[in-house]
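Step one of this worksheet: look at the structure below.
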Amino acid sequence: MLTEIRTALRPALVLLLLLAAITGLAYPALVAGIAQVAMPHQANGSLIVDNGTIIGSELIGQGFAAPRYFHPRPSAAGKGYDASASAATNLAPGSRELRDAIAKRVAQARADGLTGRTVPPDLVTTSASGLDPDLSPEAALSQVPRVARARNMDPGQLRVLIASNIQYPLLGIIGEPHVNVLKLNRQLDRTPIHPAP
């Protein structure tokens, strides 16, 4: 009886170890190796490096609060943009707490001089991850007056900068047009200022 159990268990254990080695070690190593060769920037986290220092990732939002920068989408991750606490608020659409939070953000956006009949939704609602690095072009454009005023910069120059940073849908159909806030603010810091007329 014991011999029969050992005989039945041996192929099962060998198969378990073999499949664990293939799916847990060999396959991930192969995919990681191909990714390192085919697209090393993306495989290493799409990191943005300035003078040898990592300043962020194209994939993770950062909090920019100074008036001279374009502000990102609000974050509900931890205390804000905390990649170790990525999460949404999970508040229902009818939640009073959610309505109050949005109303507060709308009032703050208006106080900051946001233009337009409505405040773009991505400036007053958090994303599912709390780490969304992108804004809609409308949300970026609505911040032009504040940034122009803070930098004493021509608003037209900022609009051109935003237009040059718009990333369009893949193949024209997958996704929405968006602007990466970190990339936009980095380019903004490098742009020679043309004073407002």
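Within each chain, counting starts at residue 1; across the structure tokens, chains are named A, B, ... in the order shown, with ligands numbered 1 upward in that order.
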
> Per DSSP on the backbone, what are the alpha helix (DSSP H) residues of range 97-150 of chain A, as a ChimeraX atom specification?
Replying inline: /A:97-111,137-141,144-150

> Near range 179-186 of chain A, within 10 Å and counting only C-alpha atoms, which residues show up once chain neighbours fewer than 6 positions away are dropped, as an MDAnalysis selection string?
Replying inline: chainID A and resid 48 50 55:64 68:73 132:140 158 161:168

> At what distance in Å, to one decimal, does CA of Ala38 in chain A lie from CA of Pro177 in chain A?
Replying inline: 25.5 Å

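Counting from CA of Thr191 in chain A, the distance to CA of Arg151 in chain A is 11.1 Å.
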
> With distances taken over only C-alpha atoms, which of A:Gln42, A:Asn152, A:Thr89, A:Thr118 is nearest to Pro74 in chain A?
Replying inline: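 Nearest to Pro74 in chain A: A:Thr89.
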
> What does the distance between CA of Ala32 in chain A and CA of Leu131 in chain A come to in Å, to one decimal place?
Replying inline: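 Computing the Euclidean distance for CA of Ala32 in chain A and CA of Leu131 in chain A yields 24.2 Å.
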
> Which residues, written as a PyMOL selection string, have at least one atom at most 9 Å from Gln157 in chain A, with only C-alpha atoms counted and residues fewer than 6 positions away on the same chain left out?
Replying inline: chain A and resi 148+193-194

Taking C-alpha atoms for each residue, export the selection above as an mmCIF file, in the first residue's frame.
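Output contents, as saved in selection.cif:
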```cif
data_model
loop_
_atom_site.group_PDB
_atom_site.id
_atom_site.type_symbol
_atom_site.label_atom_id
_atom_site.label_comp_id
_atom_site.auth_asym_id
_atom_site.auth_seq_id
_atom_site.Cartn_x
_atom_site.Cartn_y
_atom_site.Cartn_z
ATOM 1 C CA ALA A 148 0.857 82.218 -16.540
ATOM 2 C CA ILE A 193 9.836 82.661 -20.333
ATOM 3 C CA HIS A 194 8.211 85.085 -22.733
#
```

> What residues in range 88-172 of chain A get the DSSP label strand (DSSP E or B)? Please answer as a PyMOL selection string.
Replying inline: chain A and resi 134-135+166-167+170
